[in-house]
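J.: Can you keep this structure in mind? I'll have questions shortly.
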Amino acid sequence: MKPISADQTVAEIGFIKALPVMSQSMALGAMTKDQKVTAWPLYCQGVMGMARDDNPDSGNSQFFFMRYPYPSLEKRYTAWGRVISGLDAVRAIKTGEPVEAPQDHMDHVRVLADIPEKDRPKVRVIDPKGPWFKAQIERVRAEKGADFTACDVDIPVEVK
């Protein structure tokens, strides 16, 4: 039997829909019982996460939006989505503890799937599995060089 060798320092970067993710090298899957590796979302601009206290199982109804990338949250907090249009509105939300008056507040929040189909805005998002998007990642990677992260890749979106 030929020994399996896997470079454990190599991470793989990709997207699950619009959410940027990183995983251990897929080569490590050959060394695990279930052939799986660990993956985690990247806390890039626009990513939404579940707030909690020090107890990992304490997430409740509070959530946060990432205004800019913040890698120290990775592997620690659950990311559950990403703003694909309107990041300027996220960045306009007041910050601070306490937030200066007048405070921002949400009067009404709806999930797109809860809006009747006839009233929903039409959203088109590039397929992250498609050849154009893969080529775009390589273009950005070449431009950024050693400083490249998945957070540098914008997700093309059209909202009508």
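Chain labels follow the order of the structure tokens: the first chain is A, the next B, and so on; residue numbering restarts at 1 in every chain, and ligands are counted from 1 in their shown order.
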If you count only C-alpha atoms, which residues fall within 7 Å of region 90-98 of chain A, apart from same-chain ones fewer than 3 positions away, as a PyMOL selection string?

T.: chain A and resi 65+67+86-87+104

J.: Check which residues of region 20-50 of chain A sit at most 7 Å from region 148-151 of chain A using only C-alpha atoms, and return one row each with the closest pair of atoms and their distance in Å to one decimal, ordered by chain and rising number, as a Markdown table.

T.:
```
| residue | atom | partner | partner_atom | distance |
| --- | --- | --- | --- | --- |
| A:Pro20 | CA | A:Ala150 | CA | 6.2 |
| A:Cys44 | CA | A:Cys151 | CA | 5.1 |
| A:Gln45 | CA | A:Cys151 | CA | 7.0 |
```

J.: Please return, as a list in words, all residues of region 45-85 of chain A that DSSP assigns to strand (DSSP E) on the basis of the backbone.

T.: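 Output for region 45-85 of chain A, strand (DSSP E) only: Val47, Met48, Gly49, Met50, Phe63, Phe64, Phe65, Ala79, Trp80, Gly81 and Arg82 of chain A.
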
J.: Just want the 8 Å neighbourhood of region 33-40 of chain A, counted on only C-alpha atoms, with same-chain residues fewer than 3 positions away dropped. Output as a list in words.

T.: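 In the requested form, the answer reads Val21, Met22, Ser23, Gln24, Ser25, Met26, Leu28, Gly29, Ala30, Glu74 and Lys75 of chain A.
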
J.: Those selected residues, please, written with C-alpha atoms and delivered as a compact mmCIF listing (two decimals), in the first residue's frame.

T.:
```txt
# COMPACT_ATOMS: atom_id res chain seq x y z
CA VAL A 21 -15.53 29.57 2.72
CA MET A 22 -12.20 27.96 3.48
CA SER A 23 -11.48 24.33 4.17
CA GLN A 24 -8.65 22.04 5.00
CA SER A 25 -6.95 20.48 2.01
CA MET A 26 -9.26 17.96 0.38
CA LEU A 28 -6.79 15.20 4.07
CA GLY A 29 -10.18 13.59 3.39
CA ALA A 30 -8.39 10.39 2.43
CA GLU A 74 -13.69 32.64 11.78
CA LYS A 75 -14.23 29.20 13.34
```

J.: Just checking: using only C-alpha atoms, which residue out of A:Asp53, A:Thr78, A:Phe64, A:Tyr70 ends up closest to Pro41 (chain A)?

T.: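 Residue with the minimum atom-to-atom distance to Pro41 (chain A): A:Thr78.
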
J.: Could you work out how far CA of Lys17 (chain A) lies from CA of Pro128 (chain A), giving the answer in Å with one decimal?

T.: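 CA of Lys17 (chain A) lies at a distance of 6.2 Å from CA of Pro128 (chain A).
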
J.: For Tyr77 (chain A), find every residue with an atom within 9 Å (counting only C-alpha atoms), except residues of its own chain fewer than 6 positions away, and show them as a ChimeraX atom specification.

T.: /A:49-52,56

J.: Kindly indicate which residue among A:Val99, A:Asp127, A:Ile84, A:Trp132 lies nearest to Val159 (chain A), using only C-alpha atoms for the distances.

T.: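 The shortest atom-to-atom distance to Val159 (chain A) comes from A:Ile84.
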